[in-house]
file structure.cif (mmCIF, C-alpha atoms)
data_entry
#
loop_
_atom_site.group_PDB
_atom_site.id
_atom_site.type_symbol
_atom_site.label_atom_id
_atom_site.label_comp_id
_atom_site.auth_asym_id
_atom_site.auth_seq_id
_atom_site.Cartn_x
_atom_site.Cartn_y
_atom_site.Cartn_z
ATOM 1 C CA MET A 26 -70.030 -150.250 -122.647
ATOM 2 C CA VAL A 27 -67.297 -148.978 -120.359
ATOM 3 C CA LEU A 28 -69.783 -146.911 -118.342
ATOM 4 C CA SER A 29 -72.221 -149.785 -118.147
ATOM 5 C CA ASN A 30 -69.465 -152.008 -116.746
ATOM 6 C CA TRP A 31 -68.669 -149.315 -114.177
ATOM 7 C CA ASP A 32 -72.336 -149.244 -113.168
ATOM 8 C CA ILE A 33 -72.424 -153.035 -112.906
ATOM 9 C CA GLN A 34 -69.544 -153.012 -110.397
ATOM 10 C CA ILE A 35 -71.067 -150.117 -108.419
ATOM 11 C CA ASN A 36 -74.330 -152.065 -108.232
ATOM 12 C CA ARG A 37 -72.473 -155.161 -107.049
ATOM 13 C CA MET A 38 -70.854 -153.124 -104.320
ATOM 14 C CA ASN A 39 -74.233 -151.738 -103.291
ATOM 15 C CA SER A 40 -75.778 -155.229 -103.168
ATOM 16 C CA LEU A 41 -72.885 -156.406 -101.039
ATOM 17 C CA LEU A 42 -73.236 -153.427 -98.664
ATOM 18 C CA ALA A 43 -76.962 -154.139 -98.342
ATOM 19 C CA LYS A 44 -76.151 -157.691 -97.248
ATOM 20 C CA LEU A 45 -73.626 -156.817 -94.532
ATOM 21 C CA THR A 46 -74.358 -155.673 -90.999
ATOM 22 C CA ASP A 47 -72.242 -152.815 -89.601
ATOM 23 C CA GLU A 48 -70.435 -155.380 -87.500
ATOM 24 C CA GLU A 49 -69.610 -157.544 -90.518
ATOM 25 C CA LEU A 50 -68.457 -154.499 -92.499
ATOM 26 C CA SER A 51 -66.159 -153.508 -89.642
ATOM 27 C CA ALA A 52 -64.383 -156.868 -89.656
ATOM 28 C CA PRO A 53 -61.090 -157.516 -91.495
ATOM 29 C CA THR A 54 -61.653 -159.037 -94.960
ATOM 30 C CA ALA A 55 -59.019 -161.655 -94.004
ATOM 31 C CA PRO A 56 -56.635 -161.988 -91.031
ATOM 32 C CA ARG A 57 -54.319 -158.928 -90.831
ATOM 33 C CA ARG A 58 -55.918 -157.376 -93.944
ATOM 34 C CA ASN A 59 -58.002 -154.237 -94.428
ATOM 35 C CA ALA A 60 -61.413 -154.076 -92.787
ATOM 36 C CA GLY A 61 -64.468 -153.740 -95.015
ATOM 37 C CA VAL A 62 -65.099 -150.254 -93.676
ATOM 38 C CA TYR A 63 -61.592 -149.089 -94.639
ATOM 39 C CA LEU A 64 -62.048 -150.469 -98.174
ATOM 40 C CA LEU A 65 -65.420 -148.698 -98.406
ATOM 41 C CA GLY A 66 -63.718 -145.388 -97.527
ATOM 42 C CA HIS A 67 -60.877 -146.184 -99.916
ATOM 43 C CA LEU A 68 -63.239 -146.879 -102.820
ATOM 44 C CA ALA A 69 -65.336 -143.788 -102.079
ATOM 45 C CA ALA A 70 -62.195 -141.600 -102.019
ATOM 46 C CA VAL A 71 -61.053 -143.099 -105.349
ATOM 47 C CA SER A 72 -64.471 -142.367 -106.895
ATOM 48 C CA ASP A 73 -64.265 -138.845 -105.486
ATOM 49 C CA GLY A 74 -60.837 -138.422 -107.090
ATOM 50 C CA MET A 75 -62.369 -139.147 -110.497
ATOM 51 C CA PHE A 76 -64.020 -135.681 -110.568
ATOM 52 C CA ALA A 77 -60.521 -134.219 -110.853
ATOM 53 C CA PHE A 78 -59.192 -136.728 -113.427
ATOM 54 C CA LEU A 79 -62.289 -136.349 -115.601
ATOM 55 C CA ASP A 80 -62.414 -132.570 -115.171
ATOM 56 C CA LEU A 81 -65.939 -132.697 -113.764
ATOM 57 C CA GLY A 82 -65.619 -129.954 -111.190
ATOM 58 C CA GLU A 83 -64.913 -129.870 -107.492
ATOM 59 C CA ARG A 84 -64.685 -133.144 -105.652
ATOM 60 C CA LEU A 85 -66.867 -133.663 -102.601
ATOM 61 C CA ASN A 86 -64.426 -134.368 -99.817
ATOM 62 C CA PRO A 87 -60.659 -134.173 -100.453
ATOM 63 C CA VAL A 88 -59.941 -134.766 -96.755
ATOM 64 C CA MET A 89 -60.857 -138.436 -97.220
ATOM 65 C CA ASP A 90 -57.695 -138.986 -99.311
ATOM 66 C CA GLU A 91 -55.549 -138.449 -96.263
ATOM 67 C CA VAL A 92 -57.364 -141.161 -94.316
ATOM 68 C CA PHE A 93 -58.145 -143.699 -97.039
ATOM 69 C CA LEU A 94 -55.565 -143.247 -99.816
ATOM 70 C CA ARG A 95 -52.379 -141.768 -98.422
ATOM 71 C CA ASN A 96 -52.404 -143.647 -95.150
ATOM 72 C CA PRO A 97 -53.066 -147.247 -94.156
ATOM 73 C CA GLU A 98 -55.898 -148.401 -91.946
ATOM 74 C CA ASP A 99 -53.788 -148.333 -88.772
ATOM 75 C CA SER A 100 -52.697 -144.690 -89.256
ATOM 76 C CA GLY A 101 -54.500 -143.603 -86.103
ATOM 77 C CA LEU A 102 -56.271 -140.864 -88.090
ATOM 78 C CA GLU A 103 -59.855 -140.274 -87.084
ATOM 79 C CA LYS A 104 -62.290 -142.070 -89.390
ATOM 80 C CA PRO A 105 -65.894 -141.212 -90.260
ATOM 81 C CA SER A 106 -68.657 -143.461 -88.930
ATOM 82 C CA ILE A 107 -70.058 -146.245 -91.114
ATOM 83 C CA SER A 108 -73.228 -144.278 -91.831
ATOM 84 C CA GLU A 109 -71.195 -141.211 -92.817
ATOM 85 C CA LEU A 110 -69.037 -143.378 -95.088
ATOM 86 C CA LYS A 111 -72.050 -144.974 -96.739
ATOM 87 C CA GLU A 112 -73.583 -141.548 -97.313
ATOM 88 C CA TYR A 113 -70.296 -140.325 -98.805
ATOM 89 C CA TRP A 114 -70.080 -143.405 -101.055
ATOM 90 C CA ASN A 115 -73.658 -142.959 -102.304
ATOM 91 C CA LYS A 116 -73.370 -139.213 -102.850
ATOM 92 C CA VAL A 117 -70.057 -139.410 -104.698
ATOM 93 C CA ASN A 118 -71.203 -142.153 -107.047
ATOM 94 C CA ALA A 119 -74.607 -140.637 -107.744
ATOM 95 C CA LEU A 120 -73.035 -137.301 -108.701
ATOM 96 C CA LEU A 121 -70.239 -138.975 -110.664
ATOM 97 C CA SER A 122 -72.684 -141.114 -112.594
ATOM 98 C CA GLU A 123 -74.851 -138.091 -113.377
ATOM 99 C CA LYS A 124 -71.901 -136.024 -114.584
ATOM 100 C CA MET A 125 -70.385 -138.874 -116.615
ATOM 101 C CA SER A 126 -73.713 -139.432 -118.386
ATOM 102 C CA HIS A 127 -73.414 -135.943 -119.929
ATOM 103 C CA MET A 128 -69.920 -136.408 -121.363
ATOM 104 C CA ASN A 129 -69.696 -136.811 -125.137
ATOM 105 C CA ALA A 130 -67.298 -138.959 -127.184
ATOM 106 C CA ASP A 131 -64.852 -136.087 -127.762
ATOM 107 C CA GLU A 132 -64.549 -135.519 -124.034
ATOM 108 C CA TRP A 133 -64.034 -139.216 -123.330
ATOM 109 C CA PHE A 134 -61.184 -139.440 -125.811
ATOM 110 C CA ALA A 135 -59.541 -136.236 -124.567
ATOM 111 C CA ARG A 136 -56.591 -136.458 -122.201
ATOM 112 C CA HIS A 137 -57.245 -136.893 -118.514
ATOM 113 C CA THR A 138 -56.024 -134.111 -116.247
ATOM 114 C CA ALA A 139 -53.013 -135.964 -114.817
ATOM 115 C CA VAL A 140 -51.264 -136.358 -118.173
ATOM 116 C CA SER A 141 -49.477 -133.448 -119.901
ATOM 117 C CA GLU A 142 -50.264 -132.417 -123.477
ATOM 118 C CA GLU A 143 -46.797 -133.583 -124.532
ATOM 119 C CA ASP A 144 -47.177 -137.044 -123.008
ATOM 120 C CA PHE A 145 -50.706 -137.374 -124.349
ATOM 121 C CA ALA A 146 -49.440 -136.722 -127.895
ATOM 122 C CA LYS A 147 -47.156 -139.750 -127.473
ATOM 123 C CA GLU A 148 -49.639 -141.901 -125.498
ATOM 124 C CA PRO A 149 -53.135 -141.090 -126.770
ATOM 125 C CA HIS A 150 -54.702 -143.946 -124.815
ATOM 126 C CA ARG A 151 -54.238 -141.913 -121.619
ATOM 127 C CA ASN A 152 -57.681 -140.429 -122.007
ATOM 128 C CA LYS A 153 -60.670 -140.043 -119.714
ATOM 129 C CA LEU A 154 -62.309 -143.259 -120.816
ATOM 130 C CA ASN A 155 -59.195 -145.133 -119.765
ATOM 131 C CA ILE A 156 -59.567 -143.681 -116.253
ATOM 132 C CA VAL A 157 -62.986 -145.328 -115.981
ATOM 133 C CA ILE A 158 -61.681 -148.674 -117.307
ATOM 134 C CA ASN A 159 -58.851 -148.547 -114.805
ATOM 135 C CA ARG A 160 -61.051 -147.538 -111.867
ATOM 136 C CA THR A 161 -63.574 -150.267 -112.720
ATOM 137 C CA ASN A 162 -60.792 -152.846 -112.413
ATOM 138 C CA HIS A 163 -59.705 -151.274 -109.142
ATOM 139 C CA LEU A 164 -63.242 -151.550 -107.812
ATOM 140 C CA SER A 165 -63.472 -155.208 -108.925
ATOM 141 C CA TYR A 166 -60.173 -155.967 -107.208
ATOM 142 C CA HIS A 167 -61.444 -154.776 -103.830
ATOM 143 C CA LEU A 168 -64.894 -156.283 -104.396
ATOM 144 C CA GLY A 169 -63.195 -159.678 -104.521
ATOM 145 C CA GLN A 170 -61.790 -158.953 -101.076
ATOM 146 C CA LEU A 171 -65.006 -157.490 -99.662
ATOM 147 C CA ALA A 172 -66.888 -160.612 -100.769
ATOM 148 C CA TYR A 173 -64.980 -162.453 -98.020
ATOM 149 C CA LEU A 174 -67.021 -160.538 -95.439
ATOM 150 C CA VAL A 175 -70.107 -162.542 -96.385
ATOM 151 C CA LYS A 176 -70.356 -165.435 -93.953
ATOM 152 C CA LYS A 177 -70.105 -168.924 -95.429
ATOM 153 C CA MET B 15 -57.395 -149.537 -124.521
ATOM 154 C CA VAL B 16 -59.552 -152.475 -123.486
ATOM 155 C CA LEU B 17 -56.925 -154.963 -124.670
ATOM 156 C CA SER B 18 -54.149 -153.035 -122.976
ATOM 157 C CA ASN B 19 -56.077 -153.162 -119.691
ATOM 158 C CA TRP B 20 -56.514 -156.912 -120.146
ATOM 159 C CA ASP B 21 -52.740 -157.241 -120.646
ATOM 160 C CA ILE B 22 -52.064 -155.129 -117.543
ATOM 161 C CA GLN B 23 -54.108 -157.486 -115.371
ATOM 162 C CA ILE B 24 -52.519 -160.592 -116.957
ATOM 163 C CA ASN B 25 -49.091 -159.122 -116.226
ATOM 164 C CA ARG B 26 -50.107 -158.414 -112.634
ATOM 165 C CA MET B 27 -51.185 -162.009 -112.258
ATOM 166 C CA ASN B 28 -47.865 -163.189 -113.698
ATOM 167 C CA SER B 29 -45.879 -160.956 -111.329
ATOM 168 C CA LEU B 30 -47.883 -162.310 -108.423
ATOM 169 C CA LEU B 31 -47.314 -165.925 -109.529
ATOM 170 C CA ALA B 32 -43.577 -165.235 -109.818
ATOM 171 C CA LYS B 33 -43.558 -164.050 -106.196
ATOM 172 C CA LEU B 34 -45.339 -167.044 -104.667
ATOM 173 C CA THR B 35 -43.813 -170.394 -103.796
ATOM 174 C CA ASP B 36 -45.837 -173.522 -104.667
ATOM 175 C CA GLU B 37 -46.620 -173.865 -100.994
ATOM 176 C CA GLU B 38 -47.941 -170.313 -100.757
ATOM 177 C CA LEU B 39 -50.000 -170.767 -103.924
ATOM 178 C CA SER B 40 -51.537 -173.934 -102.477
ATOM 179 C CA ALA B 41 -52.773 -172.120 -99.367
ATOM 180 C CA PRO B 42 -56.319 -170.742 -98.975
ATOM 181 C CA THR B 43 -56.538 -167.022 -99.870
ATOM 182 C CA ALA B 44 -58.413 -166.558 -96.563
ATOM 183 C CA PRO B 45 -59.811 -169.009 -93.989
ATOM 184 C CA ARG B 46 -62.361 -171.342 -95.631
ATOM 185 C CA ARG B 47 -61.939 -169.630 -99.026
ATOM 186 C CA ASN B 48 -60.526 -170.868 -102.329
ATOM 187 C CA ALA B 49 -56.849 -171.772 -102.485
ATOM 188 C CA GLY B 50 -54.613 -169.826 -104.828
ATOM 189 C CA VAL B 51 -54.116 -172.889 -106.980
ATOM 190 C CA TYR B 52 -57.869 -173.322 -107.463
ATOM 191 C CA LEU B 53 -58.227 -169.669 -108.478
ATOM 192 C CA LEU B 54 -55.337 -170.087 -110.932
ATOM 193 C CA GLY B 55 -57.151 -173.018 -112.563
ATOM 194 C CA HIS B 56 -60.416 -171.065 -112.486
ATOM 195 C CA LEU B 57 -58.873 -168.036 -114.223
ATOM 196 C CA ALA B 58 -57.095 -170.208 -116.793
ATOM 197 C CA ALA B 59 -60.359 -172.018 -117.619
ATOM 198 C CA VAL B 60 -62.165 -168.659 -117.984
ATOM 199 C CA SER B 61 -59.439 -167.413 -120.358
ATOM 200 C CA ASP B 62 -59.731 -170.681 -122.282
ATOM 201 C CA GLY B 63 -63.507 -170.160 -122.574
ATOM 202 C CA MET B 64 -62.878 -166.844 -124.315
ATOM 203 C CA PHE B 65 -61.798 -168.638 -127.521
ATOM 204 C CA ALA B 66 -65.395 -169.806 -127.871
ATOM 205 C CA PHE B 67 -67.040 -166.457 -126.978
ATOM 206 C CA LEU B 68 -64.749 -164.547 -129.332
ATOM 207 C CA ASP B 69 -65.035 -167.168 -132.096
ATOM 208 C CA LEU B 70 -61.278 -167.690 -132.181
ATOM 209 C CA GLY B 71 -61.240 -171.403 -132.802
ATOM 210 C CA GLU B 72 -60.883 -174.470 -130.616
ATOM 211 C CA ARG B 73 -60.146 -173.954 -126.950
ATOM 212 C CA LEU B 74 -57.165 -175.732 -125.445
ATOM 213 C CA ASN B 75 -58.622 -177.821 -122.671
ATOM 214 C CA PRO B 76 -62.408 -177.966 -122.153
ATOM 215 C CA VAL B 77 -61.983 -180.599 -119.416
ATOM 216 C CA MET B 78 -60.742 -177.880 -117.049
ATOM 217 C CA ASP B 79 -64.244 -176.349 -116.921
ATOM 218 C CA GLU B 80 -65.516 -179.370 -115.045
ATOM 219 C CA VAL B 81 -62.885 -178.987 -112.336
ATOM 220 C CA PHE B 82 -62.560 -175.199 -112.069
ATOM 221 C CA LEU B 83 -65.841 -173.675 -113.273
ATOM 222 C CA ARG B 84 -68.687 -176.115 -112.787
ATOM 223 C CA ASN B 85 -67.497 -177.524 -109.485
ATOM 224 C CA PRO B 86 -66.111 -176.029 -106.300
ATOM 225 C CA GLU B 87 -62.646 -176.663 -104.938
ATOM 226 C CA ASP B 88 -63.780 -179.477 -102.627
ATOM 227 C CA SER B 89 -65.453 -181.462 -105.450
ATOM 228 C CA GLY B 90 -63.022 -184.344 -105.037
ATOM 229 C CA LEU B 91 -62.257 -184.183 -108.775
ATOM 230 C CA GLU B 92 -58.629 -184.841 -109.666
ATOM 231 C CA LYS B 93 -56.720 -181.611 -110.228
ATOM 232 C CA PRO B 94 -53.650 -180.946 -112.378
ATOM 233 C CA SER B 95 -50.338 -180.234 -110.642
ATOM 234 C CA ILE B 96 -49.227 -176.636 -110.063
ATOM 235 C CA SER B 97 -46.681 -176.835 -112.861
ATOM 236 C CA GLU B 98 -49.310 -178.207 -115.261
ATOM 237 C CA LEU B 99 -51.684 -175.409 -114.252
ATOM 238 C CA LYS B 100 -49.065 -172.729 -114.754
ATOM 239 C CA GLU B 101 -48.225 -174.153 -118.160
ATOM 240 C CA TYR B 102 -51.945 -174.172 -119.060
ATOM 241 C CA TRP B 103 -52.345 -170.564 -117.832
ATOM 242 C CA ASN B 104 -49.358 -169.366 -119.874
ATOM 243 C CA LYS B 105 -50.294 -171.256 -123.030
ATOM 244 C CA VAL B 106 -53.924 -170.147 -122.995
ATOM 245 C CA ASN B 107 -53.109 -166.481 -122.463
ATOM 246 C CA ALA B 108 -50.265 -166.382 -124.989
ATOM 247 C CA LEU B 109 -52.479 -167.884 -127.702
ATOM 248 C CA LEU B 110 -55.457 -165.715 -126.716
ATOM 249 C CA SER B 111 -53.365 -162.571 -126.790
ATOM 250 C CA GLU B 112 -51.931 -163.471 -130.185
ATOM 251 C CA LYS B 113 -55.366 -164.209 -131.666
ATOM 252 C CA MET B 114 -56.969 -161.096 -130.158
ATOM 253 C CA SER B 115 -54.223 -158.914 -131.625
ATOM 254 C CA HIS B 116 -55.419 -159.864 -135.134
ATOM 255 C CA MET B 117 -59.077 -158.945 -134.595
ATOM 256 C CA ASN B 118 -60.256 -155.780 -136.331
ATOM 257 C CA ALA B 119 -62.816 -153.203 -135.136
ATOM 258 C CA ASP B 120 -65.699 -154.830 -137.039
ATOM 259 C CA GLU B 121 -65.027 -158.137 -135.323
ATOM 260 C CA TRP B 122 -64.828 -156.515 -131.874
ATOM 261 C CA PHE B 123 -68.192 -154.831 -132.322
ATOM 262 C CA ALA B 124 -69.851 -157.973 -133.668
ATOM 263 C CA ARG B 125 -71.975 -160.098 -131.355
ATOM 264 C CA HIS B 126 -70.261 -162.643 -129.143
ATOM 265 C CA THR B 127 -71.183 -166.272 -129.725
ATOM 266 C CA ALA B 128 -73.403 -166.689 -126.654
ATOM 267 C CA VAL B 129 -75.951 -164.075 -127.715
ATOM 268 C CA SER B 130 -78.518 -164.741 -130.467
ATOM 269 C CA GLU B 131 -78.900 -162.437 -133.489
ATOM 270 C CA GLU B 132 -82.341 -161.404 -132.216
ATOM 271 C CA ASP B 133 -81.066 -160.443 -128.756
ATOM 272 C CA PHE B 134 -78.041 -158.694 -130.212
ATOM 273 C CA ALA B 135 -80.306 -156.498 -132.353
ATOM 274 C CA LYS B 136 -81.953 -155.300 -129.120
ATOM 275 C CA GLU B 137 -78.741 -155.203 -127.012
ATOM 276 C CA PRO B 138 -75.892 -154.200 -129.326
ATOM 277 C CA HIS B 139 -73.462 -153.780 -126.427
ATOM 278 C CA ARG B 140 -73.292 -157.586 -126.111
ATOM 279 C CA ASN B 141 -70.337 -157.696 -128.449
ATOM 280 C CA LYS B 142 -66.915 -159.316 -128.284
ATOM 281 C CA LEU B 143 -65.214 -156.267 -126.833
ATOM 282 C CA ASN B 144 -67.638 -156.390 -123.927
ATOM 283 C CA ILE B 145 -66.512 -159.963 -123.204
ATOM 284 C CA VAL B 146 -62.959 -158.705 -122.711
ATOM 285 C CA ILE B 147 -64.098 -155.815 -120.455
ATOM 286 C CA ASN B 148 -66.126 -158.236 -118.383
ATOM 287 C CA ARG B 149 -63.363 -160.853 -118.147
ATOM 288 C CA THR B 150 -60.822 -158.179 -117.180
ATOM 289 C CA ASN B 151 -63.032 -157.241 -114.222
ATOM 290 C CA HIS B 152 -63.383 -160.904 -113.336
ATOM 291 C CA LEU B 153 -59.610 -161.284 -113.350
ATOM 292 C CA SER B 154 -59.187 -158.165 -111.169
ATOM 293 C CA TYR B 155 -61.751 -159.506 -108.706
ATOM 294 C CA HIS B 156 -59.787 -162.692 -108.112
ATOM 295 C CA LEU B 157 -56.440 -160.855 -108.201
ATOM 296 C CA GLY B 158 -57.621 -158.927 -105.148
ATOM 297 C CA GLN B 159 -58.106 -162.266 -103.384
ATOM 298 C CA LEU B 160 -54.868 -163.814 -104.634
ATOM 299 C CA ALA B 161 -52.952 -160.798 -103.332
ATOM 300 C CA TYR B 162 -53.753 -162.083 -99.832
ATOM 301 C CA LEU B 163 -51.360 -164.993 -100.438
ATOM 302 C CA VAL B 164 -48.398 -162.613 -100.269
ATOM 303 C CA LYS B 165 -47.075 -162.743 -96.717
ATOM 304 C CA LYS B 166 -47.253 -159.516 -94.734
#
call {"tool": "encode", "arguments": {"input": "structure.cif", "output": "structure tokens"}}
result
Amino acid sequence: MVLSNWDIQINRMNSLLAKLTDEELSAPTAPRRNAGVYLLGHLAAVSDGMFAFLDLGERLNPVMDEVFLRNPEDSGLEKPSISELKEYWNKVNALLSEKMSHMNADEWFARHTAVSEEDFAKEPHRNKLNIVINRTNHLSYHLGQLAYLVKK
Amino acid sequence: MVLSNWDIQINRMNSLLAKLTDEELSAPTAPRRNAGVYLLGHLAAVSDGMFAFLDLGERLNPVMDEVFLRNPEDSGLEKPSISELKEYWNKVNALLSEKMSHMNADEWFARHTAVSEEDFAKEPHRNKLNIVINRTNHLSYHLGQLAYLVKK
């Protein structure tokens, strides 16, 4: 159920991206707020970070964190082109989805990599499944903002 | 875990509401988009609808659906005041939270009231827990928009 809700939000994002021109995606989602293209990079970097939290192997592009997680849009850091970002987004989520589909219940209820064994003993809900629930909400949050790029 | 993620989003909404003046909450979240106050009514009505889906008894105020779910902001329908809406939001979520806390695992994995027994046999994920996952994402989606009411 949790994975299916993740997929639903990813599909919504993909439908939204299919609707927007590059120009529309480059526009701010609201005055003085992040541009669509920055949020796309941000969401792709967050998906990429999930490989580490879920212990699914090497992430694809750790450099993106610097541009889209640790720094704001106006950092002056060089950003990938829209087509590079879309490719990154698609690659990350396809691989993530494939790897998540092979995880079993024991793995899902095991601790995620950012919580220590001691803390996990006290807070057993800090497992890998909870990472997906949390990241699905994060994706929904920014989807609400990205929806404002669609012209009324 | 699912319920705790619901509570996290409700608490985020409450922190946001505590930060906004009535004037800020009455403003559009972005040009030509829903006002904060409309989204507050919308989210409260969606929470209220969960009593029915989860089979938790009578909902508090079905009339709100007409104003905040079935019709857009510019419907011309009379709307409650901000203080009435906040009271509605708080009451609905307090009662919902209390009632959800008494549901056991069997109830959570039982079908929700909007799916028939036949369909549920084919799609067993359409249970009550899935309603909460889905509504948590819905809340996050609009929280992303409401966050734009906070002045930069």
call {"tool": "interface_residues", "arguments": {"input": "structure.cif", "of": "chain B", "to": "chain A", "cutoff": "6 Å", "atoms": "all atoms listed in the file", "output": "PyMOL selection string"}}
result
chain B and resi 44+151+154-156+158-159
call {"tool": "resolve_selection", "arguments": {"input": "structure.cif", "expression": "the PyMOL selection byres ((chain B and resi 80-82) around 10)", "output": "list in words"}}
result
Tyr52, Leu53, Leu54, Gly55, His56, Leu57, Ala58, Ala59, Val60, Pro76, Val77, Met78, Asp79, Leu83, Arg84, Asn85, Pro86, Glu87, Asp88, Ser89, Gly90, Leu91, Glu92, Lys93 and Pro94 of chain B
call {"tool": "residues_around", "arguments": {"input": "structure.cif", "residues": "range 126-143 of chain A", "least_positions_apart": "3", "cutoff": "10 Å", "atoms": "only C-alpha atoms", "output": "ChimeraX atom specification"}}
result
/A:28,75-81,120-123,146-157
call {"tool": "atom_distance", "arguments": {"input": "structure.cif", "atom1": "CA of Arg84 in chain A", "atom2": "CA of Asn115 in chain A"}}
result
13.7 Å
call {"tool": "atom_distance", "arguments": {"input": "structure.cif", "atom1": "CA of Met114 in chain B", "atom2": "CA of Glu101 in chain B"}}
result
19.8 Å
call {"tool": "atom_distance", "arguments": {"input": "structure.cif", "atom1": "CA of Leu45 in chain A", "atom2": "CA of Pro42 in chain B"}}
result
22.7 Å
call {"tool": "closest_residue", "arguments": {"input": "structure.cif", "among": "B:Glu72, B:Leu163, B:Ser40, B:Thr35", "to": "Lys113 in chain B", "atoms": "all atoms listed in the file"}}
result
B:Glu72
call {"tool": "axis_aligned_box", "arguments": {"input": "structure.cif", "around": "range 64-70 of chain B", "padding_each_side": "4 Å", "output": "lines of an AutoDock Vina configuration file"}}
result
center_x = -64.2
center_y = -167.2
center_z = -128.2
size_x = 13.8
size_y = 13.3
size_z = 15.9
call {"tool": "build_atoms", "arguments": {"input": "structure.cif", "residues": "range 46-58 of chain A", "atoms": "N, CA, C and O atoms", "output": "PDB file, in the coordinates of the input"}}
result
ATOM      1  N   THR A  46     -74.067-156.488 -92.180  1.00  0.00           N
ATOM      2  CA  THR A  46     -74.358-155.673 -90.999  1.00  0.00           C
ATOM      3  C   THR A  46     -73.156-154.748 -90.761  1.00  0.00           C
ATOM      4  O   THR A  46     -72.073-154.973 -91.301  1.00  0.00           O
ATOM      5  N   ASP A  47     -73.362-153.718 -89.927  1.00  0.00           N
ATOM      6  CA  ASP A  47     -72.242-152.815 -89.601  1.00  0.00           C
ATOM      7  C   ASP A  47     -71.099-153.588 -88.957  1.00  0.00           C
ATOM      8  O   ASP A  47     -69.923-153.289 -89.180  1.00  0.00           O
ATOM      9  N   GLU A  48     -71.458-154.581 -88.170  1.00  0.00           N
ATOM     10  CA  GLU A  48     -70.435-155.380 -87.500  1.00  0.00           C
ATOM     11  C   GLU A  48     -69.613-156.172 -88.526  1.00  0.00           C
ATOM     12  O   GLU A  48     -68.375-156.226 -88.440  1.00  0.00           O
ATOM     13  N   GLU A  49     -70.320-156.780 -89.477  1.00  0.00           N
ATOM     14  CA  GLU A  49     -69.610-157.544 -90.518  1.00  0.00           C
ATOM     15  C   GLU A  49     -68.717-156.633 -91.357  1.00  0.00           C
ATOM     16  O   GLU A  49     -67.589-156.978 -91.697  1.00  0.00           O
ATOM     17  N   LEU A  50     -69.222-155.441 -91.673  1.00  0.00           N
ATOM     18  CA  LEU A  50     -68.457-154.499 -92.499  1.00  0.00           C
ATOM     19  C   LEU A  50     -67.229-153.969 -91.753  1.00  0.00           C
ATOM     20  O   LEU A  50     -66.239-153.563 -92.372  1.00  0.00           O
ATOM     21  N   SER A  51     -67.293-153.995 -90.438  1.00  0.00           N
ATOM     22  CA  SER A  51     -66.159-153.508 -89.642  1.00  0.00           C
ATOM     23  C   SER A  51     -65.056-154.554 -89.476  1.00  0.00           C
ATOM     24  O   SER A  51     -63.963-154.239 -89.010  1.00  0.00           O
ATOM     25  N   ALA A  52     -65.350-155.779 -89.842  1.00  0.00           N
ATOM     26  CA  ALA A  52     -64.383-156.868 -89.656  1.00  0.00           C
ATOM     27  C   ALA A  52     -63.306-156.833 -90.744  1.00  0.00           C
ATOM     28  O   ALA A  52     -63.539-156.305 -91.834  1.00  0.00           O
ATOM     29  N   PRO A  53     -62.127-157.397 -90.448  1.00  0.00           N
ATOM     30  CA  PRO A  53     -61.090-157.516 -91.495  1.00  0.00           C
ATOM     31  C   PRO A  53     -61.595-158.464 -92.594  1.00  0.00           C
ATOM     32  O   PRO A  53     -62.281-159.438 -92.296  1.00  0.00           O
ATOM     33  N   THR A  54     -61.226-158.172 -93.851  1.00  0.00           N
ATOM     34  CA  THR A  54     -61.653-159.037 -94.960  1.00  0.00           C
ATOM     35  C   THR A  54     -60.934-160.390 -94.899  1.00  0.00           C
ATOM     36  O   THR A  54     -61.428-161.391 -95.430  1.00  0.00           O
ATOM     37  N   ALA A  55     -59.773-160.427 -94.268  1.00  0.00           N
ATOM     38  CA  ALA A  55     -59.019-161.655 -94.004  1.00  0.00           C
ATOM     39  C   ALA A  55     -58.079-161.301 -92.838  1.00  0.00           C
ATOM     40  O   ALA A  55     -57.889-160.121 -92.546  1.00  0.00           O
ATOM     41  N   PRO A  56     -57.503-162.307 -92.176  1.00  0.00           N
ATOM     42  CA  PRO A  56     -56.635-161.988 -91.031  1.00  0.00           C
ATOM     43  C   PRO A  56     -55.516-161.009 -91.414  1.00  0.00           C
ATOM     44  O   PRO A  56     -54.847-161.213 -92.426  1.00  0.00           O
ATOM     45  N   ARG A  57     -55.361-159.964 -90.622  1.00  0.00           N
ATOM     46  CA  ARG A  57     -54.319-158.928 -90.831  1.00  0.00           C
ATOM     47  C   ARG A  57     -54.470-158.156 -92.142  1.00  0.00           C
ATOM     48  O   ARG A  57     -53.497-157.604 -92.661  1.00  0.00           O
ATOM     49  N   ARG A  58     -55.675-158.140 -92.708  1.00  0.00           N
ATOM     50  CA  ARG A  58     -55.918-157.376 -93.944  1.00  0.00           C
ATOM     51  C   ARG A  58     -56.934-156.267 -93.663  1.00  0.00           C
ATOM     52  O   ARG A  58     -57.564-156.248 -92.612  1.00  0.00           O
TER      53      ARG A  58
END
